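This report refers to the structure that appears directly beneath it.
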Amino acid sequence: MSLRSVSLFVCALALSISAHAHEYQLGKLHIDHPYARATVPGQPSGGAFLSIENTGQETDTLIGVSSPAAKSAEIHTMSMDGNIMKMREVGSIELKPASKLDMIPGNGYHIMLIGLTQPLKAGDKFPLTLTFQKAGKIEVAVDVTDMSGKQGQAMHQH
């Protein structure tokens, strides 16, 4: 086996391990488990969720999100005020050193996908680009789960 073949094999192996683990690294930022819940036909928007851990010594800031799966994508926060759900766009999320942000359904931050180009179906994937003030941009693959948070049948076939 040539050195080039070994290099290509190692790169392919690293990519397959990374894709299987569903984790991404951008500088000192660790991004884990990007997912979105399936939508019903005609539903105009959806939400995407993930975690971001800043393992570095400097604060960084998530300043933008985009995806070809929707006409626009925004960083939102959601909270409950009594029985009223309040959701609003936030321009950015500051990530302090040695901190972790978990975007989860129902409370806190999420990525709002507005003007979906097609319904999100369990088992599908779509790209999402995250833009950070210091670390730059990274594209992640978002897995679409059913409403219970489980991945579609296609995701369970190994």
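Scheme for the structure tokens: letters A, B, ... for chains in order shown; per-chain residue numbers from 1; ligand numbers from 1 in order shown.
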Applying 9 Å and only C-alpha atoms, which residues near Gln133 in chain A remain after dropping the ones on its own chain fewer than 6 positions away? List them as an mmCIF file with N, CA and C atoms, in the first residue's frame.
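Output file around-v8.cif follows:
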```cif
data_model
loop_
_atom_site.group_PDB
_atom_site.id
_atom_site.type_symbol
_atom_site.label_atom_id
_atom_site.label_comp_id
_atom_site.auth_asym_id
_atom_site.auth_seq_id
_atom_site.Cartn_x
_atom_site.Cartn_y
_atom_site.Cartn_z
ATOM 1 N N ASP A 60 -16.294 32.895 22.987
ATOM 2 C CA ASP A 60 -16.641 33.004 21.572
ATOM 3 C C ASP A 60 -18.148 33.215 21.518
ATOM 4 N N THR A 61 -18.654 33.578 20.351
ATOM 5 C CA THR A 61 -20.074 33.900 20.229
ATOM 6 C C THR A 61 -20.642 33.283 18.960
ATOM 7 N N LEU A 62 -21.760 32.561 19.101
ATOM 8 C CA LEU A 62 -22.502 32.080 17.931
ATOM 9 C C LEU A 62 -23.240 33.290 17.375
ATOM 10 N N ILE A 63 -22.860 33.719 16.164
ATOM 11 C CA ILE A 63 -23.434 34.956 15.613
ATOM 12 C C ILE A 63 -24.361 34.727 14.421
ATOM 13 N N GLY A 64 -24.431 33.498 13.910
ATOM 14 C CA GLY A 64 -25.320 33.265 12.784
ATOM 15 C C GLY A 64 -25.513 31.796 12.484
#
```
*Excluding Lys28 in chain A and residues on its chain fewer than 4 positions from it, collect all residues at most 10 Å away from it, counting only C-alpha atoms, and give them as a PyMOL selection string.*
chain A and resi 53-58+60+97-98+135
*With only C-alpha atoms as the atoms that count, which of A:Leu113, A:Leu128, A:Ser99, A:Lys86 lies nearest to Leu29 in chain A?*
A:Ser99
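Nearest residue to Gly136 in chain A among A:Ala70, A:Leu26, A:Ile31, A:Val90 is A:Leu26, counting only C-alpha atoms.
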_I want to know what sits within 8 Å of Asp146 in chain A, based on only C-alpha atoms, with residues of the same chain fewer than 6 positions away left out; could you give that as a list in words?_
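The neighbour list is Arg37, Ala38, Lys121, Ala122 and Gly152 of chain A.
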Limited to C-alpha atoms, could you put the picked residues into a file as a compact mmCIF listing (two decimals), in the first residue's frame?
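File written: selection.txt
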```
# COMPACT_ATOMS: atom_id res chain seq x y z
CA ARG A 37 -37.79 17.07 14.90
CA ALA A 38 -39.88 15.89 11.97
CA LYS A 121 -38.90 13.64 7.62
CA ALA A 122 -37.54 11.28 10.29
CA GLY A 152 -36.19 7.16 11.67
```
*Between CA of Asp102 in chain A and CA of Pro41 in chain A, what is the distance, to one decimal in Å?*
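Computing it gives 28.0 Å between the two atoms.
Proximity ranking of A:Met147, A:Lys137, A:Met85, A:Leu101 relative to Gln25 in chain A places A:Lys137 first, based on only C-alpha atoms.
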*asked:* So the first atom is CA of Lys125 in chain A and the second is CA of Asp143 in chain A; what is the distance between them in Å, to one decimal place?
replied: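 Separation of CA of Lys125 in chain A and CA of Asp143 in chain A: 4.6 Å.
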_Gap from CA of Asn107 in chain A to CA of Ser79 in chain A - Å, one decimal_ = 5.5 Å
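Non-sequential neighbours of Met103 in chain A (distance at most 6 Å, separation of 5 or more positions within a chain, only C-alpha atoms) are Phe49, Leu50, Ser51, Tyr109 and His110 of chain A.
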_Which residue is closest to Thr77 in chain A? Choose from A:Thr59, A:Gln43, A:Thr129, A:Ser92 and count only C-alpha atoms._
A:Ser92
